[in-house]
Structure formats: C-alpha cells, structure tokens
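input25.txt (compact mmCIF, C-alpha atoms) appears below.
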```
# COMPACT_ATOMS: atom_id res chain seq x y z
CA MET A 1 -8.07 -71.04 -51.64
CA LEU A 2 -4.70 -71.49 -49.95
CA LEU A 3 -3.03 -69.83 -52.94
CA LEU A 4 -5.33 -66.84 -52.58
CA LEU A 5 -4.75 -66.48 -48.83
CA GLU A 6 -0.99 -66.94 -49.13
CA SER A 7 -0.87 -64.17 -51.74
CA THR A 8 -3.01 -61.74 -49.73
CA PRO A 9 -1.48 -59.12 -47.37
CA GLU A 10 -1.77 -59.93 -43.65
CA ASP A 11 -4.40 -57.29 -42.83
CA LYS A 12 -6.70 -58.44 -45.63
CA LYS A 13 -5.98 -62.10 -44.90
CA ALA A 14 -7.13 -61.64 -41.31
CA LYS A 15 -10.37 -60.02 -42.46
CA LEU A 16 -11.06 -62.78 -44.98
CA LEU A 17 -10.41 -65.51 -42.42
CA LYS A 18 -12.71 -63.76 -39.96
CA LEU A 19 -15.41 -63.64 -42.62
CA ILE A 20 -14.91 -67.33 -43.42
CA ALA A 21 -14.99 -68.22 -39.70
CA GLU A 22 -18.31 -66.47 -39.29
CA GLU A 23 -19.75 -68.67 -42.03
CA ASN A 24 -18.02 -71.92 -41.05
CA PRO A 25 -15.29 -72.12 -38.34
CA ALA A 26 -14.14 -75.49 -39.70
CA TRP A 27 -13.18 -73.93 -43.05
CA GLU A 28 -11.26 -71.16 -41.32
CA ALA A 29 -9.41 -73.58 -39.02
CA ALA A 30 -8.55 -75.94 -41.89
CA LEU A 31 -7.25 -73.12 -44.09
CA LYS A 32 -5.14 -71.57 -41.32
CA SER A 33 -3.62 -74.93 -40.43
CA LYS A 34 -2.46 -75.55 -44.02
CA MET A 35 -1.00 -72.15 -44.95
CA LEU A 36 2.74 -71.87 -45.54
CA THR A 37 4.71 -69.49 -43.32
CA MET A 38 8.40 -68.64 -43.12
CA GLN A 39 8.44 -70.15 -39.63
CA HIS A 40 7.28 -73.49 -41.03
CA LEU A 41 9.74 -73.38 -43.91
CA LEU A 42 12.75 -72.57 -41.74
CA LYS A 43 12.27 -75.90 -39.95
CA TRP A 44 12.79 -77.80 -43.19
CA PRO A 45 16.11 -79.65 -43.72
CA GLU A 46 18.91 -78.45 -45.98
CA PRO A 47 18.11 -80.88 -48.86
CA ALA A 48 14.67 -79.32 -49.23
CA TRP A 49 16.16 -75.84 -49.32
CA ALA A 50 18.71 -76.98 -51.89
CA ILE A 51 15.75 -77.65 -54.18
CA ILE A 52 14.02 -74.38 -53.31
CA LEU A 53 17.19 -72.33 -53.80
CA LYS A 54 18.29 -74.08 -56.97
CA ASP A 55 18.34 -70.76 -58.83
CA PRO A 56 19.04 -68.20 -56.08
CA ARG A 57 18.59 -64.46 -56.59
CA PRO A 58 20.39 -62.64 -53.75
CA LEU A 59 18.35 -59.43 -53.93
CA HIS A 60 15.09 -61.37 -53.88
CA LEU A 61 16.35 -63.53 -51.01
CA SER A 62 17.34 -60.47 -49.00
CA MET A 63 13.77 -59.17 -49.26
CA MET A 64 12.44 -62.44 -47.82
CA THR A 65 14.13 -61.65 -44.50
CA GLY A 66 11.69 -58.84 -43.77
CA GLY A 67 9.76 -59.50 -40.57
CA LEU A 68 12.05 -62.35 -39.46
CA THR A 69 13.88 -62.40 -36.14
CA ASP A 70 17.70 -62.32 -36.09
CA GLN A 71 17.73 -66.04 -35.29
CA GLU A 72 15.36 -66.80 -38.15
CA ILE A 73 17.53 -64.78 -40.53
CA GLU A 74 20.59 -66.76 -39.40
CA THR A 75 18.74 -70.00 -40.06
CA PHE A 76 17.63 -68.75 -43.48
CA LEU A 77 21.18 -67.75 -44.41
CA SER A 78 22.53 -71.13 -43.32
CA PHE A 79 20.74 -72.76 -46.27
CA MET A 80 22.69 -70.66 -48.79
CA SER A 81 26.15 -71.09 -50.28
CA VAL A 82 28.88 -68.82 -48.94
CA LYS A 83 28.78 -66.76 -52.13
CA VAL A 84 25.00 -66.25 -52.10
CA LYS A 85 24.97 -65.57 -48.35
CA THR A 86 27.63 -62.88 -48.77
CA GLN A 87 25.64 -61.22 -51.55
CA VAL A 88 22.44 -61.33 -49.50
CA LEU A 89 24.19 -59.71 -46.52
CA GLN A 90 25.57 -57.00 -48.81
CA HIS A 91 22.06 -56.20 -50.03
CA LEU A 92 20.82 -56.04 -46.42
CA GLU A 93 23.62 -53.69 -45.46
CA MET A 94 22.63 -51.33 -48.25
CA LYS A 95 18.89 -51.49 -47.66
CA LYS A 96 16.52 -53.28 -45.33
CA PRO A 97 13.39 -54.64 -47.05
CA THR A 98 10.15 -52.75 -46.57
CA PRO A 99 7.07 -54.69 -45.38
CA ALA A 100 5.67 -54.54 -48.91
CA GLU A 101 8.92 -55.90 -50.41
CA ALA A 102 9.08 -58.68 -47.81
CA TRP A 103 5.47 -59.66 -48.44
CA THR A 104 6.00 -59.74 -52.23
CA ALA A 105 9.15 -61.86 -51.96
CA GLN A 106 7.68 -64.29 -49.44
CA THR A 107 4.50 -64.63 -51.49
CA LYS A 108 6.58 -65.56 -54.53
CA LEU A 109 8.43 -68.11 -52.39
CA TYR A 110 5.17 -69.72 -51.27
CA ALA A 111 3.95 -69.92 -54.87
CA ASP A 112 7.24 -71.54 -55.97
CA ILE A 113 7.00 -74.08 -53.15
CA ARG A 114 3.40 -74.92 -54.04
CA ARG A 115 4.60 -75.57 -57.60
CA LEU A 116 7.43 -77.82 -56.35
CA VAL A 117 4.96 -79.72 -54.19
CA ALA A 118 2.57 -80.11 -57.13
CA ASP A 119 5.25 -81.57 -59.41
CA GLY A 120 6.55 -83.90 -56.68
CA SER A 121 9.92 -82.22 -56.12
CA LEU A 122 8.95 -81.54 -52.49
CA LYS A 123 6.74 -83.71 -50.29
CA LEU A 124 4.84 -81.87 -47.58
CA ALA A 125 3.92 -85.15 -45.90
CA GLU A 126 7.62 -85.67 -45.17
CA LEU A 127 8.69 -82.08 -44.54
CA SER A 128 5.70 -80.77 -42.57
CA PRO A 129 3.03 -83.43 -42.09
CA GLU A 130 0.73 -80.85 -40.49
CA LEU A 131 0.74 -78.89 -43.78
CA ALA A 132 0.03 -81.86 -46.02
CA ILE A 133 -3.30 -81.52 -47.81
CA PRO A 134 -5.46 -84.68 -47.89
CA GLU A 135 -6.62 -85.55 -51.40
CA GLY A 136 -9.82 -83.69 -52.25
CA ILE A 137 -9.82 -81.38 -49.22
CA GLU A 138 -8.69 -78.35 -51.20
CA ASP A 139 -11.57 -78.86 -53.63
CA GLN A 140 -14.02 -79.08 -50.73
CA LEU A 141 -12.67 -75.99 -49.03
CA ALA A 142 -12.53 -74.00 -52.25
CA THR A 143 -16.08 -74.98 -53.14
CA GLY A 144 -17.34 -73.99 -49.70
CA VAL A 145 -15.46 -70.72 -49.59
CA LEU A 146 -16.43 -69.82 -53.15
CA MET A 147 -20.05 -70.37 -52.20
CA LEU A 148 -19.46 -67.94 -49.35
CA LEU A 149 -17.98 -65.42 -51.78
CA LYS A 150 -20.84 -65.90 -54.22
CA ASN A 151 -23.53 -65.51 -51.56
CA GLN A 152 -22.12 -62.34 -50.02
CA PRO A 153 -24.66 -59.49 -50.07
CA VAL A 154 -23.90 -56.72 -52.53
CA VAL A 155 -23.70 -53.20 -51.11
CA ASP A 156 -22.90 -50.24 -53.37
CA GLY A 157 -21.96 -52.59 -56.18
CA GLU A 158 -19.55 -54.81 -54.25
CA THR A 159 -19.52 -57.62 -51.68
CA THR A 160 -17.75 -57.60 -48.33
CA VAL A 161 -15.06 -59.85 -49.78
CA THR A 162 -14.36 -57.75 -52.85
CA ARG A 163 -14.28 -54.63 -50.68
CA ILE A 164 -11.70 -56.23 -48.37
CA LEU A 165 -9.56 -57.35 -51.29
CA SER A 166 -9.70 -53.97 -53.00
CA GLU A 167 -8.93 -51.90 -49.90
CA THR A 168 -5.73 -49.89 -49.99
CA THR A 169 -3.05 -51.40 -47.76
CA ASP A 170 -0.93 -49.47 -45.28
CA SER A 171 1.85 -49.37 -47.85
CA GLY A 172 -0.44 -47.58 -50.27
CA SER A 173 -0.80 -50.43 -52.72
CA SER A 174 -4.16 -51.77 -53.78
CA GLN A 175 -5.06 -55.33 -54.63
CA VAL A 176 -8.20 -55.83 -56.73
CA ILE A 177 -9.27 -59.43 -57.24
CA ASP A 178 -12.10 -60.52 -59.52
CA LEU A 179 -14.08 -63.51 -58.23
CA ASP A 180 -14.45 -64.99 -61.72
CA GLU A 181 -10.68 -64.76 -62.05
CA ILE A 182 -10.26 -66.57 -58.71
CA LYS A 183 -12.56 -69.37 -59.90
CA ARG A 184 -10.64 -69.60 -63.17
CA LYS A 185 -7.33 -69.86 -61.34
CA PHE A 186 -8.72 -72.49 -58.99
CA SER A 187 -9.90 -74.50 -61.98
CA GLN A 188 -6.46 -74.26 -63.60
CA VAL A 189 -4.71 -75.34 -60.39
CA TYR A 190 -7.01 -78.31 -59.88
CA GLN A 191 -6.68 -79.44 -63.48
CA GLU A 192 -2.90 -79.20 -63.25
CA ASN A 193 -2.85 -81.06 -59.94
CA ASN A 194 -5.01 -83.81 -61.41
CA ARG A 195 -2.75 -84.03 -64.46
CA LEU A 196 0.35 -84.31 -62.28
CA HIS A 197 -1.35 -86.89 -60.08
CA GLN A 198 -2.25 -89.02 -63.10
CA GLU A 199 1.24 -88.61 -64.55
CA ASN A 200 2.75 -89.67 -61.22
CA GLN A 201 0.53 -92.77 -61.15
CA ARG A 202 1.57 -93.62 -64.72
CA LEU A 203 5.27 -93.26 -63.91
CA ASN A 204 4.89 -95.38 -60.78
CA ALA A 205 3.21 -98.11 -62.83
CA GLU A 206 5.96 -97.98 -65.46
CA ASN A 207 8.63 -98.05 -62.76
CA PHE A 208 7.00 -101.08 -61.13
CA GLU A 209 6.81 -102.88 -64.47
CA LEU A 210 10.45 -102.05 -65.25
CA ARG A 211 11.62 -103.35 -61.88
CA SER A 212 9.62 -106.54 -62.39
CA ARG A 213 11.28 -107.12 -65.77
CA ILE A 214 14.74 -106.49 -64.34
CA SER A 215 14.01 -108.94 -61.55
CA GLN A 216 12.91 -111.58 -64.08
CA ILE A 217 16.05 -111.03 -66.18
CA LYS A 218 18.25 -111.43 -63.10
CA LYS A 219 16.53 -114.73 -62.27
CA ILE A 220 17.10 -116.03 -65.81
CA ALA A 221 20.73 -114.92 -65.73
```
So that I can check it, write out the structure of this file as structure tokens.
Amino acid sequence: MLLLLESTPEDKKAKLLKLIAEENPAWEAALKSKMLTMQHLLKWPEPAWAIILKDPRPLHLSMMTGGLTDQEIETFLSFMSVKVKTQVLQHLEMKKPTPAEAWTAQTKLYADIRRLVADGSLKLAELSPELAIPEGIEDQLATGVLMLLKNQPVVDGETTVTRILSETTDSGSSQVIDLDEIKRKFSQVYQENNRLHQENQRLNAENFELRSRISQIKKIA
C-alpha cells in the first residue's frame, strides 16, 4: 500500500488517505507515518546517499529538486560529486522542473529506495527508525485497505477509489489503476520480500557457521 501511495500524485493521495481514515483512522495514521518524503531522505547521512546515487543521472536529479526549498536543494546537492552537482545546476539553469516532472522523478527515487531497503543495501531502522516497517505490518495494512477498496460501493460502474485514481490531475495527466493489478503487484512485492528475508537468514546462518569454523581453526593453530 505504501508503494501505491508513494506513486500517487499529492491531490489523489490526500483523497485516498481521507477515504482510508473514514474507514479506519489507525490505517491512515500508520500509512502516513511510514511514507517516504524528500524531507525524510535529506536527513540521511552521506554514506546512504552514496548508495542511492551510485548511478547518477543529472537531468533526473535536477527534476527531483522541484518543490524543495533553497536550503533543501543545497543539502541535496551536497550529496553529489562536484561533476554531477555542476551538471545538475546546469540543467536547473536551463529549465526548472514542472510539478509533474518533480513528482515523476521523486516517485522513481522512492521506488528505488524501497528496492534498496528490500535487498538490504539500506536499513530504515538505522537511517529513519520512524519509517521502519515492523515485520507483517505491511501485509496487515494492505489486507485492510484492499478490503476497503473491494467493499467500496459502485456508482456508474466505478468505486470512489477508482474514480479518485482515474481523475485528471492539474497537470492534465491521468492515472488509471486497476484494483486487480494493485493486488497482483502487492503479491509480487510480498513474495519478493519474503524471498529476500529467507535469503538473508540463510546468508546469516552461513556467515555464522563460517566464523565458527575460522575460530576453531585459529584455536588449533
């Protein structure tokens, strides 16, 4: 559910959260408290950003600055190499990002970070403890919210949720999301998370066994 909200434009996101809050305020509060924002990310240390910006694209990075304050932009630029920073500033001099461009770039950033968190490259519990997701909570929230989506009354062939998601934004773009597709994506994400979790447990066990053997060899030597 976090992936859906983080990839939904602000106006639609607010409407969806309001709808969720009307059904269960706890779901809405939990979802809002765990969503990534640029303000959260800019508090992260340089080593984390070195991982995030491993393959920097200056034009894409320049679009991420949309909606940020001058101070936030300065902080963002401080995580980049001199070369990349110069290229980003050149792009900004030529053209400021539109709200739609900023939203698209930031949404891609959030998705990349979620992937890095899933594969263990970044640890939310260390970077932003308040954003860390307790094991199983995402499943619970998704199940509850999906039940809300499923139980929405149908008017003129669509539910309140699908109408919100298919509304035309101020920028003129339209986002149509199929609920079955949402469920499918959730299922894929959970399966991948479970796979990574099991793989991490296996690697930890192998690492422990290897260290034990090395310790035994050292004692014999």
Inset, instruction - Write out as a ChimeraX atom specification each polymer residue whose atoms come within 12 Å of A:Met94, counting all atoms listed in the file; drop sequence neighbours fewer than 6 positions from it. - result: /A:59,62-63,87-88
Inset, instruction - Can you work out which one of A:Leu109, A:Gly67, A:Arg213, A:Pro56 has the shortest atom-to-atom distance to A:Lys85, counting only C-alpha atoms? - result: A:Pro56
Inset, instruction - Rank nothing, just name the residue among A:Ala26, A:Ala205, A:Ile52, A:Ala105 nearest to A:Met64, using only C-alpha atoms. - result: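 With only C-alpha atoms as the atom set, the closest residue is A:Ala105.
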Legend entry - Residue with smallest distance to A:Ala100 - pool A:Ala48, A:Val82, A:Thr65, A:Asp55, counting all atoms listed in the file: A:Thr65
Legend entry - Ref. answer, residues at most 12 Å from (19.3, -69.5, -41.7) with all atoms listed in the file, as a VMD selection string: chain A and resid 38 to 39 41 to 46 49 61 to 62 64 to 65 68 to 81 85 88 to 89
Write out the residues from the selection above, keeping C-alpha atoms, as a PDB file, in the frame of the given file.
```pdb
ATOM      1  CA  MET A  38       8.400 -68.640 -43.120  1.00  0.00           C
ATOM      2  CA  GLN A  39       8.440 -70.150 -39.630  1.00  0.00           C
ATOM      3  CA  LEU A  41       9.740 -73.380 -43.910  1.00  0.00           C
ATOM      4  CA  LEU A  42      12.750 -72.570 -41.740  1.00  0.00           C
ATOM      5  CA  LYS A  43      12.270 -75.900 -39.950  1.00  0.00           C
ATOM      6  CA  TRP A  44      12.790 -77.800 -43.190  1.00  0.00           C
ATOM      7  CA  PRO A  45      16.110 -79.650 -43.720  1.00  0.00           C
ATOM      8  CA  GLU A  46      18.910 -78.450 -45.980  1.00  0.00           C
ATOM      9  CA  TRP A  49      16.160 -75.840 -49.320  1.00  0.00           C
ATOM     10  CA  LEU A  61      16.350 -63.530 -51.010  1.00  0.00           C
ATOM     11  CA  SER A  62      17.340 -60.470 -49.000  1.00  0.00           C
ATOM     12  CA  MET A  64      12.440 -62.440 -47.820  1.00  0.00           C
ATOM     13  CA  THR A  65      14.130 -61.650 -44.500  1.00  0.00           C
ATOM     14  CA  LEU A  68      12.050 -62.350 -39.460  1.00  0.00           C
ATOM     15  CA  THR A  69      13.880 -62.400 -36.140  1.00  0.00           C
ATOM     16  CA  ASP A  70      17.700 -62.320 -36.090  1.00  0.00           C
ATOM     17  CA  GLN A  71      17.730 -66.040 -35.290  1.00  0.00           C
ATOM     18  CA  GLU A  72      15.360 -66.800 -38.150  1.00  0.00           C
ATOM     19  CA  ILE A  73      17.530 -64.780 -40.530  1.00  0.00           C
ATOM     20  CA  GLU A  74      20.590 -66.760 -39.400  1.00  0.00           C
ATOM     21  CA  THR A  75      18.740 -70.000 -40.060  1.00  0.00           C
ATOM     22  CA  PHE A  76      17.630 -68.750 -43.480  1.00  0.00           C
ATOM     23  CA  LEU A  77      21.180 -67.750 -44.410  1.00  0.00           C
ATOM     24  CA  SER A  78      22.530 -71.130 -43.320  1.00  0.00           C
ATOM     25  CA  PHE A  79      20.740 -72.760 -46.270  1.00  0.00           C
ATOM     26  CA  MET A  80      22.690 -70.660 -48.790  1.00  0.00           C
ATOM     27  CA  SER A  81      26.150 -71.090 -50.280  1.00  0.00           C
ATOM     28  CA  LYS A  85      24.970 -65.570 -48.350  1.00  0.00           C
ATOM     29  CA  VAL A  88      22.440 -61.330 -49.500  1.00  0.00           C
ATOM     30  CA  LEU A  89      24.190 -59.710 -46.520  1.00  0.00           C
TER      31      LEU A  89
END
```
Inset, instruction - Enter the distance from atom CA of A:Arg202 to atom CA of A:Leu124, in Å, rounded to one decimal. - result: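 Spanning atom CA of A:Arg202 to atom CA of A:Leu124 is a straight-line distance of 21.0 Å.
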Inset, instruction - Quote the spacing between atom CA of A:Gly66 and atom CA of A:Ala102 in Å to one decimal place. - result: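 It comes out at 4.8 Å.
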Inset, instruction - Work out how far atom CA of A:Lys32 is from atom CA of A:Lys18, in Å to one decimal. - result: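 Answer for the atom CA of A:Lys18 to atom CA of A:Lys32 separation: 11.0 Å.
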Legend entry - Option closest in space to A:Ser121, from A:Lys95, A:Ile214, A:His60, A:Pro47 [counting only C-alpha atoms]: A:Pro47
Legend entry - Minimum-distance residue to A:Thr37, chosen among A:Leu116, A:Leu203, A:Ala125, A:Ala111 (using only C-alpha atoms): A:Ala111
Legend entry - Of the listed residues A:Ser212, A:Ser128, A:Thr107, A:Gln90, that which approaches A:Leu3 most closely, counting all atoms listed in the file: A:Thr107
If I only have part of stretch 66-82 of chain A, can you fill in N, CA and C atoms and write it as a PDB file, keeping the file's coordinate frame?
```pdb
ATOM      1  N   GLY A  66      12.527 -59.836 -44.437  1.00  0.00           N
ATOM      2  CA  GLY A  66      11.690 -58.840 -43.770  1.00  0.00           C
ATOM      3  C   GLY A  66      10.722 -59.482 -42.790  1.00  0.00           C
ATOM      4  N   GLY A  67      10.675 -58.972 -41.570  1.00  0.00           N
ATOM      5  CA  GLY A  67       9.760 -59.500 -40.570  1.00  0.00           C
ATOM      6  C   GLY A  67      10.290 -60.690 -39.794  1.00  0.00           C
ATOM      7  N   LEU A  68      11.462 -61.208 -40.168  1.00  0.00           N
ATOM      8  CA  LEU A  68      12.050 -62.350 -39.460  1.00  0.00           C
ATOM      9  C   LEU A  68      12.896 -61.862 -38.283  1.00  0.00           C
ATOM     10  N   THR A  69      13.008 -62.709 -37.271  1.00  0.00           N
ATOM     11  CA  THR A  69      13.880 -62.400 -36.140  1.00  0.00           C
ATOM     12  C   THR A  69      15.327 -62.616 -36.564  1.00  0.00           C
ATOM     13  N   ASP A  70      16.269 -62.126 -35.769  1.00  0.00           N
ATOM     14  CA  ASP A  70      17.700 -62.320 -36.090  1.00  0.00           C
ATOM     15  C   ASP A  70      18.028 -63.803 -36.180  1.00  0.00           C
ATOM     16  N   GLN A  71      17.467 -64.602 -35.279  1.00  0.00           N
ATOM     17  CA  GLN A  71      17.730 -66.040 -35.290  1.00  0.00           C
ATOM     18  C   GLN A  71      17.154 -66.687 -36.548  1.00  0.00           C
ATOM     19  N   GLU A  72      15.981 -66.246 -36.943  1.00  0.00           N
ATOM     20  CA  GLU A  72      15.360 -66.800 -38.150  1.00  0.00           C
ATOM     21  C   GLU A  72      16.160 -66.426 -39.388  1.00  0.00           C
ATOM     22  N   ILE A  73      16.693 -65.205 -39.397  1.00  0.00           N
ATOM     23  CA  ILE A  73      17.530 -64.780 -40.530  1.00  0.00           C
ATOM     24  C   ILE A  73      18.788 -65.635 -40.605  1.00  0.00           C
ATOM     25  N   GLU A  74      19.396 -65.914 -39.443  1.00  0.00           N
ATOM     26  CA  GLU A  74      20.590 -66.760 -39.400  1.00  0.00           C
ATOM     27  C   GLU A  74      20.284 -68.147 -39.949  1.00  0.00           C
ATOM     28  N   THR A  75      19.144 -68.684 -39.563  1.00  0.00           N
ATOM     29  CA  THR A  75      18.740 -70.000 -40.060  1.00  0.00           C
ATOM     30  C   THR A  75      18.545 -69.962 -41.568  1.00  0.00           C
ATOM     31  N   PHE A  76      17.873 -68.927 -42.045  1.00  0.00           N
ATOM     32  CA  PHE A  76      17.630 -68.750 -43.480  1.00  0.00           C
ATOM     33  C   PHE A  76      18.939 -68.684 -44.246  1.00  0.00           C
ATOM     34  N   LEU A  77      19.897 -67.902 -43.743  1.00  0.00           N
ATOM     35  CA  LEU A  77      21.180 -67.750 -44.410  1.00  0.00           C
ATOM     36  C   LEU A  77      21.987 -69.045 -44.424  1.00  0.00           C
ATOM     37  N   SER A  78      21.760 -69.891 -43.422  1.00  0.00           N
ATOM     38  CA  SER A  78      22.530 -71.130 -43.320  1.00  0.00           C
ATOM     39  C   SER A  78      22.228 -72.096 -44.464  1.00  0.00           C
ATOM     40  N   PHE A  79      21.109 -71.891 -45.159  1.00  0.00           N
ATOM     41  CA  PHE A  79      20.740 -72.760 -46.270  1.00  0.00           C
ATOM     42  C   PHE A  79      21.410 -72.334 -47.580  1.00  0.00           C
ATOM     43  N   MET A  80      22.103 -71.209 -47.571  1.00  0.00           N
ATOM     44  CA  MET A  80      22.690 -70.660 -48.790  1.00  0.00           C
ATOM     45  C   MET A  80      24.182 -70.966 -48.881  1.00  0.00           C
ATOM     46  N   SER A  81      24.711 -70.932 -50.089  1.00  0.00           N
ATOM     47  CA  SER A  81      26.150 -71.090 -50.280  1.00  0.00           C
ATOM     48  C   SER A  81      26.844 -69.850 -49.723  1.00  0.00           C
ATOM     49  N   VAL A  82      28.124 -69.957 -49.490  1.00  0.00           N
ATOM     50  CA  VAL A  82      28.880 -68.820 -48.940  1.00  0.00           C
ATOM     51  C   VAL A  82      28.766 -67.609 -49.870  1.00  0.00           C
TER      52      VAL A  82
END
```
